[in-house]
file data29.cif (mmCIF, C-alpha atoms)
data_coords
#
loop_
_atom_site.label_atom_id
_atom_site.label_comp_id
_atom_site.auth_asym_id
_atom_site.auth_seq_id
_atom_site.Cartn_x
_atom_site.Cartn_y
_atom_site.Cartn_z
CA MET A 1 5.68 -0.71 -42.06
CA THR A 2 4.88 0.78 -38.66
CA SER A 3 5.15 4.57 -38.63
CA ILE A 4 7.32 6.40 -36.16
CA PHE A 5 4.22 7.91 -34.54
CA THR A 6 2.74 4.47 -33.96
CA ARG A 7 5.95 3.30 -32.33
CA ILE A 8 6.02 6.35 -30.09
CA GLY A 9 2.39 5.78 -29.16
CA LEU A 10 3.07 2.14 -28.26
CA ALA A 11 6.11 3.11 -26.20
CA VAL A 12 4.14 5.73 -24.29
CA THR A 13 1.32 3.25 -23.67
CA VAL A 14 3.73 0.63 -22.34
CA LEU A 15 5.35 3.26 -20.09
CA ILE A 16 2.00 4.38 -18.69
CA VAL A 17 0.82 0.83 -18.07
CA GLY A 18 4.12 0.03 -16.36
CA CYS A 19 3.90 3.08 -14.09
CA VAL A 20 0.29 2.33 -13.14
CA THR A 21 1.16 -1.29 -12.39
CA MET A 22 4.15 -0.32 -10.26
CA CYS A 23 2.08 2.27 -8.37
CA SER A 24 -0.54 -0.38 -7.66
CA ILE A 25 2.11 -2.80 -6.39
CA ASN A 26 3.65 -0.13 -4.16
CA LYS A 27 0.26 0.86 -2.77
CA ARG A 28 -0.60 -2.72 -1.84
CA ALA A 29 2.82 -3.21 -0.25
CA VAL A 30 2.59 -0.04 1.85
CA LEU A 31 -0.95 -0.71 3.05
CA ALA A 32 -0.12 -4.36 3.82
CA ASP A 33 2.98 -3.53 5.87
CA PRO A 34 2.26 -4.74 9.45
CA ASN A 35 3.27 -1.45 11.04
CA VAL A 36 1.28 0.91 8.82
CA ALA A 37 -2.30 0.22 9.92
CA PRO A 38 -1.70 0.58 13.70
CA GLU A 39 0.43 3.72 13.19
CA PHE A 40 -2.24 5.16 10.91
CA GLU A 41 -4.89 4.72 13.61
CA LYS A 42 -2.54 6.17 16.22
CA ASP A 43 -1.78 9.21 14.06
CA LYS A 44 -5.47 9.88 13.49
CA GLY A 45 -6.01 9.97 17.24
CA LEU A 46 -3.05 12.30 17.80
CA GLY A 47 -3.96 14.60 14.94
CA ARG A 48 -7.70 14.85 15.60
CA PRO A 49 -7.40 17.68 18.20
CA LEU A 50 -5.40 19.72 15.68
CA VAL A 51 -8.00 19.15 12.96
CA GLU A 52 -10.80 20.13 15.35
CA ALA A 53 -8.92 23.28 16.37
CA LEU A 54 -8.34 24.23 12.74
CA ALA A 55 -12.03 23.63 11.97
CA GLY A 56 -12.94 25.88 14.90
CA PHE A 57 -10.59 28.57 13.61
CA TYR A 58 -12.22 28.34 10.17
CA ALA A 59 -15.71 28.59 11.68
CA VAL A 60 -14.76 31.93 13.25
CA HIS A 61 -12.60 33.45 10.50
CA ALA A 62 -13.77 31.70 7.26
CA TYR A 63 -10.17 30.78 6.44
CA TYR A 64 -7.42 28.58 7.89
CA PRO A 65 -4.39 30.10 9.68
CA ARG A 66 -0.98 30.79 8.18
CA SER A 67 0.64 28.79 10.98
CA LEU A 68 -0.38 26.36 13.71
CA ALA A 69 1.04 28.97 16.06
CA GLU A 70 -2.06 31.10 15.40
CA LEU A 71 -3.97 28.55 17.49
CA GLN A 72 -2.09 29.89 20.52
CA SER A 73 -5.26 30.38 22.58
CA GLN A 74 -5.61 26.58 22.82
CA ARG A 75 -3.22 24.29 24.66
CA LEU A 76 -2.36 21.90 21.85
CA VAL A 77 0.55 19.56 21.22
CA GLU A 78 1.62 19.16 17.59
CA HIS A 79 3.00 15.61 18.02
CA GLY A 80 5.38 16.26 15.14
CA PHE A 81 2.61 16.95 12.62
CA ARG A 82 3.45 19.32 9.79
CA TYR A 83 0.87 21.86 8.62
CA GLU A 84 0.98 22.76 4.91
CA VAL A 85 -0.81 25.45 2.90
CA TRP A 86 -0.32 26.36 -0.75
CA GLY A 87 -0.30 29.63 -2.63
CA MET A 88 -3.25 28.62 -4.79
CA SER A 89 -5.48 28.61 -1.69
CA ARG A 90 -4.49 32.03 -0.34
CA VAL A 91 -7.18 34.29 1.14
CA TYR A 92 -6.10 37.88 0.51
CA LYS A 93 -6.86 40.84 2.74
CA THR A 94 -7.89 43.11 -0.15
CA LEU A 95 -8.55 43.00 -3.89
CA GLN A 96 -5.42 45.08 -4.35
CA CYS A 97 -3.41 42.33 -2.65
CA ALA A 98 -4.93 39.73 -4.95
CA GLY A 99 -3.87 41.82 -7.92
CA ARG A 100 -0.31 42.19 -6.61
CA ALA A 101 0.07 38.39 -6.49
CA LYS A 102 0.72 38.46 -10.24
CA GLU A 103 4.02 40.17 -9.54
CA PHE A 104 5.38 36.91 -8.12
CA GLU A 105 4.35 34.59 -10.94
CA GLY A 106 6.17 33.56 -14.10
CA PHE A 107 9.94 33.69 -14.51
CA VAL A 108 10.83 34.78 -10.98
CA ALA A 109 14.58 34.45 -11.46
CA THR A 110 14.58 37.99 -12.89
CA ILE A 111 13.11 39.47 -9.69
CA PRO A 112 15.86 40.82 -7.38
CA ASP A 113 15.58 39.55 -3.78
CA TYR A 114 12.58 37.43 -4.77
CA GLN A 115 12.27 35.40 -1.55
CA GLU A 116 12.48 38.46 0.69
CA LYS A 117 9.90 40.36 -1.37
CA LEU A 118 7.57 37.35 -1.49
CA GLU A 119 7.75 36.90 2.29
CA ALA A 120 7.03 40.59 2.82
CA PHE A 121 4.06 40.34 0.45
CA ARG A 122 2.63 37.34 2.31
CA LEU A 123 2.90 39.09 5.66
CA GLU A 124 1.24 42.22 4.30
CA CYS A 125 -1.45 40.67 2.11
CA VAL A 126 -2.27 37.07 3.02
CA ARG A 127 -4.96 36.72 5.68
CA GLY A 128 -5.04 32.91 5.62
CA TYR A 129 -5.79 29.94 3.38
CA SER A 130 -8.91 28.15 2.12
CA SER A 131 -7.49 24.64 2.56
CA PHE A 132 -4.67 22.76 4.28
CA LEU A 133 -2.85 19.45 4.64
CA LEU A 134 -1.76 17.94 7.95
CA LYS A 135 1.07 15.41 7.73
CA SER A 136 2.32 13.10 10.46
CA PRO A 137 5.98 12.25 11.15
CA PRO A 138 7.28 9.32 9.05
CA ILE A 139 5.85 5.89 9.77
CA GLU A 140 8.57 3.30 10.33
CA THR A 141 7.70 0.36 8.10
CA THR A 142 8.58 -3.27 8.78
CA TRP A 143 9.35 -4.86 5.43
CA ARG A 144 12.61 -4.30 3.60
CA TYR A 145 10.77 -3.35 0.40
CA THR A 146 8.61 -0.69 2.05
CA ARG A 147 11.59 0.79 3.89
CA THR A 148 12.59 2.34 0.56
CA PHE A 149 9.51 4.59 0.81
CA ARG A 150 8.71 7.53 3.05
CA VAL A 151 5.28 6.79 4.52
CA TRP A 152 3.07 9.13 6.54
CA THR A 153 -0.51 9.79 7.64
CA GLN A 154 -2.20 12.76 5.99
CA PHE A 155 -5.40 14.74 6.52
CA SER A 156 -6.79 16.92 3.72
CA SER A 157 -9.31 19.66 4.47
CA GLN A 158 -10.64 19.49 0.91
CA ASP A 159 -12.44 16.20 1.54
CA ALA A 160 -11.96 15.86 5.33
CA GLN A 161 -10.33 12.45 4.92
CA TRP A 162 -7.35 10.74 6.56
CA ARG A 163 -5.13 8.71 4.23
CA VAL A 164 -1.84 6.84 4.16
CA GLU A 165 0.50 8.54 1.69
CA TRP A 166 4.00 7.68 0.55
CA CYS A 167 6.76 8.78 -1.80
CA THR A 168 10.11 7.49 -2.98
CA PRO A 169 13.14 9.70 -2.16
CA GLN A 170 15.18 10.62 -5.22
CA GLN A 171 18.82 11.59 -5.45
CA HIS A 172 18.05 14.98 -7.02
CA GLN A 173 15.39 15.83 -4.41
CA PRO A 174 15.54 16.76 -0.71
CA PRO A 175 15.62 13.74 1.66
CA ASP A 176 12.08 14.49 2.87
CA CYS A 177 10.09 13.88 -0.30
CA SER A 178 6.85 14.28 1.65
CA ARG A 179 7.41 18.04 1.97
CA ASN A 180 5.76 19.99 -0.83
CA VAL A 181 7.97 22.67 -2.36
CA PHE A 182 4.97 25.02 -2.63
CA ASP A 183 4.25 24.95 1.10
CA GLU A 184 3.80 28.45 2.54
CA ALA A 185 2.97 27.63 6.17
CA GLN A 186 5.03 29.46 8.78
CA SER A 187 6.81 27.50 11.45
CA GLY A 188 6.25 28.46 15.06
CA ASP A 189 9.64 30.18 15.17
CA ASP A 190 8.98 32.17 11.99
CA TYR A 191 5.55 33.18 13.23
CA ALA A 192 7.00 34.37 16.53
CA ARG A 193 9.79 36.27 14.76
CA THR A 194 7.43 38.08 12.39
CA HIS A 195 5.17 38.99 15.31
CA HIS A 196 8.06 40.49 17.32
CA SER A 197 8.21 37.69 19.86
CA GLN A 198 11.33 36.04 21.19
CA SER A 199 9.78 32.56 21.51
CA PRO A 200 6.90 30.52 20.06
CA PRO A 201 3.47 31.00 21.65
CA ALA A 202 3.15 29.14 24.94
CA GLY A 203 -0.19 27.61 24.06
CA LEU A 204 1.19 25.37 21.31
CA THR A 205 4.12 23.06 21.85
CA SER A 206 5.98 20.82 19.48
CA ASN A 207 6.49 17.23 20.47
CA SER A 208 7.73 14.14 18.69
CA ARG A 209 5.95 10.83 18.59
#
call {"tool": "encode", "arguments": {"input": "data29.cif", "output": "structure tokens"}}
result
Amino acid sequence: MTSIFTRIGLAVTVLIVGCVTMCSINKRAVLADPNVAPEFEKDKGLGRPLVEALAGFYAVHAYYPRSLAELQSQRLVEHGFRYEVWGMSRVYKTLQCAGRAKEFEGFVATIPDYQEKLEAFRLECVRGYSSFLLKSPPIETTWRYTRTFRVWTQFSSQDAQWRVEWCTPQQHQPPDCSRNVFDEAQSGDDYARTHHSQSPPAGLTSNSR
């Protein structure tokens, strides 16, 4: 007689194999969609000046900015690209700041005014970030099957590679499944507000495709 543990093991194996197979099918479908390859090449061209500007910023400061708005000395157009940075790649201003980061970990629901305190901590203690992601606006796919996905072009500073990425929107998630919930990058408006400005820096403008 087959034990319960053996049955569970077989079920888990079947589930894993099924997920891997489906992911492989989805990947082939997305990459084969007639509109993806030309849009990918277009996005790389549009995003390259931003990547070069971010690399230049890093060469001077040894970290990446908190917001694209910090590149205000250069006349750049965002072309709808979204800049993302995560908490795990923070560069702190002092060792004391690094130690204070522990205050915002764990069961945060017990911390009164958590979001406000976290934002104040970032402004006071975070100098920049050691890595970033740059994500294009959604790519409009051609096939009915691939229209169920959200597809975009992405650049990662960790390996300096451009890739086509995709996700499947879920009912219990925000409509834009490409946006990481751990993103800490400031928008141009937030950056201007926290730096006592009434409008985003003139050197960087937002523009759609």
call {"tool": "resolve_selection", "arguments": {"input": "data29.cif", "expression": "the PyMOL selection byres ((chain A and resi 148) around 12)", "output": "count of residues only"}}
result
22
call {"tool": "residues_around", "arguments": {"input": "data29.cif", "residues": "segment 85-90 of chain A", "least_positions_apart": "2", "cutoff": "6 Å", "atoms": "all atoms listed in the file", "output": "list in words"}}
result
Tyr129, Ser130, Phe132, Phe182, Asp183, Glu184 and Ala185 of chain A
call {"tool": "atom_distance", "arguments": {"input": "data29.cif", "atom1": "atom CA of Pro137 of chain A", "atom2": "atom CA of Pro49 of chain A"}}
result
16.1 Å
call {"tool": "closest_residue", "arguments": {"input": "data29.cif", "among": "A:Arg127, A:His172, A:Arg66, A:Arg75", "to": "Leu95 of chain A", "atoms": "only C-alpha atoms"}}
result
A:Arg127
call {"tool": "atom_distance", "arguments": {"input": "data29.cif", "atom1": "atom CA of Ala160 of chain A", "atom2": "atom CA of Glu119 of chain A"}}
result
29.0 Å
call {"tool": "atom_distance", "arguments": {"input": "data29.cif", "atom1": "atom CA of Gly80 of chain A", "atom2": "atom CA of Ala120 of chain A"}}
result
27.3 Å
call {"tool": "resolve_selection", "arguments": {"input": "data29.cif", "expression": "the PyMOL selection byres ((chain A and resi 98) around 12)", "output": "ChimeraX atom specification"}}
result
/A:87-97,99-104,121-122,124-127
call {"tool": "residues_around", "arguments": {"input": "data29.cif", "residues": "His61 of chain A", "least_positions_apart": "2", "cutoff": "12 Å", "atoms": "only C-alpha atoms", "output": "list in words"}}
result
Leu54, Ala55, Gly56, Phe57, Tyr58, Ala59, Tyr63, Tyr64, Pro65, Glu70, Val91, Arg127, Gly128, Tyr129 and Ser130 of chain A
call {"tool": "closest_residue", "arguments": {"input": "data29.cif", "among": "A:Val77, A:Leu50, A:Val164, A:Ala69", "to": "Leu134 of chain A", "atoms": "all atoms listed in the file"}}
result
A:Leu50
call {"tool": "decode", "arguments": {"input": "data29.cif", "residues": "segment 19-42 of chain A", "atoms": "N, CA and C atoms", "output": "short mmCIF file (atom, residue, chain, number, x, y, z; two decimals), in the first residue's frame"}}
result
data_model
loop_
_atom_site.label_atom_id
_atom_site.label_comp_id
_atom_site.auth_asym_id
_atom_site.auth_seq_id
_atom_site.Cartn_x
_atom_site.Cartn_y
_atom_site.Cartn_z
N CYS A 19 3.68 23.09 -13.53
CA CYS A 19 3.99 24.53 -13.50
C CYS A 19 5.16 24.87 -14.42
N VAL A 20 6.20 24.02 -14.39
CA VAL A 20 7.37 24.25 -15.24
C VAL A 20 6.98 24.17 -16.71
N THR A 21 6.14 23.16 -17.03
CA THR A 21 5.70 23.01 -18.42
C THR A 21 4.89 24.20 -18.88
N MET A 22 3.96 24.66 -18.03
CA MET A 22 3.14 25.81 -18.39
C MET A 22 3.97 27.07 -18.54
N CYS A 23 4.96 27.25 -17.65
CA CYS A 23 5.84 28.42 -17.76
C CYS A 23 6.62 28.39 -19.06
N SER A 24 7.05 27.21 -19.45
CA SER A 24 7.80 27.07 -20.71
C SER A 24 6.91 27.39 -21.90
N ILE A 25 5.66 26.93 -21.86
CA ILE A 25 4.72 27.21 -22.95
C ILE A 25 4.45 28.71 -23.04
N ASN A 26 4.23 29.35 -21.88
CA ASN A 26 3.96 30.78 -21.86
C ASN A 26 5.16 31.59 -22.37
N LYS A 27 6.35 31.17 -21.98
CA LYS A 27 7.55 31.87 -22.43
C LYS A 27 7.68 31.82 -23.94
N ARG A 28 7.49 30.63 -24.52
CA ARG A 28 7.59 30.49 -25.97
C ARG A 28 6.52 31.32 -26.67
N ALA A 29 5.32 31.35 -26.10
CA ALA A 29 4.24 32.11 -26.72
C ALA A 29 4.53 33.60 -26.70
N VAL A 30 5.00 34.10 -25.56
CA VAL A 30 5.30 35.53 -25.45
C VAL A 30 6.42 35.93 -26.40
N LEU A 31 7.50 35.17 -26.41
CA LEU A 31 8.64 35.51 -27.26
C LEU A 31 8.34 35.35 -28.75
N ALA A 32 7.36 34.48 -29.08
CA ALA A 32 7.02 34.27 -30.48
C ALA A 32 5.96 35.24 -30.99
N ASP A 33 5.32 35.97 -30.07
CA ASP A 33 4.31 36.94 -30.50
C ASP A 33 4.93 37.94 -31.47
N PRO A 34 4.30 38.19 -32.62
CA PRO A 34 4.90 39.04 -33.66
C PRO A 34 5.23 40.46 -33.22
N ASN A 35 4.55 40.96 -32.20
CA ASN A 35 4.77 42.35 -31.79
C ASN A 35 5.85 42.51 -30.72
N VAL A 36 6.24 41.40 -30.08
CA VAL A 36 7.14 41.50 -28.95
C VAL A 36 8.57 41.85 -29.36
N ALA A 37 9.12 41.14 -30.33
CA ALA A 37 10.51 41.38 -30.73
C ALA A 37 10.77 42.81 -31.20
N PRO A 38 9.94 43.37 -32.10
CA PRO A 38 10.20 44.76 -32.52
C PRO A 38 10.02 45.77 -31.40
N GLU A 39 9.04 45.55 -30.51
CA GLU A 39 8.85 46.46 -29.38
C GLU A 39 10.00 46.36 -28.39
N PHE A 40 10.52 45.15 -28.22
CA PHE A 40 11.67 44.94 -27.34
C PHE A 40 12.87 45.75 -27.84
N GLU A 41 13.14 45.67 -29.13
CA GLU A 41 14.27 46.42 -29.69
C GLU A 41 14.03 47.93 -29.58
N LYS A 42 12.78 48.35 -29.79
CA LYS A 42 12.45 49.77 -29.67
C LYS A 42 12.65 50.24 -28.24
#
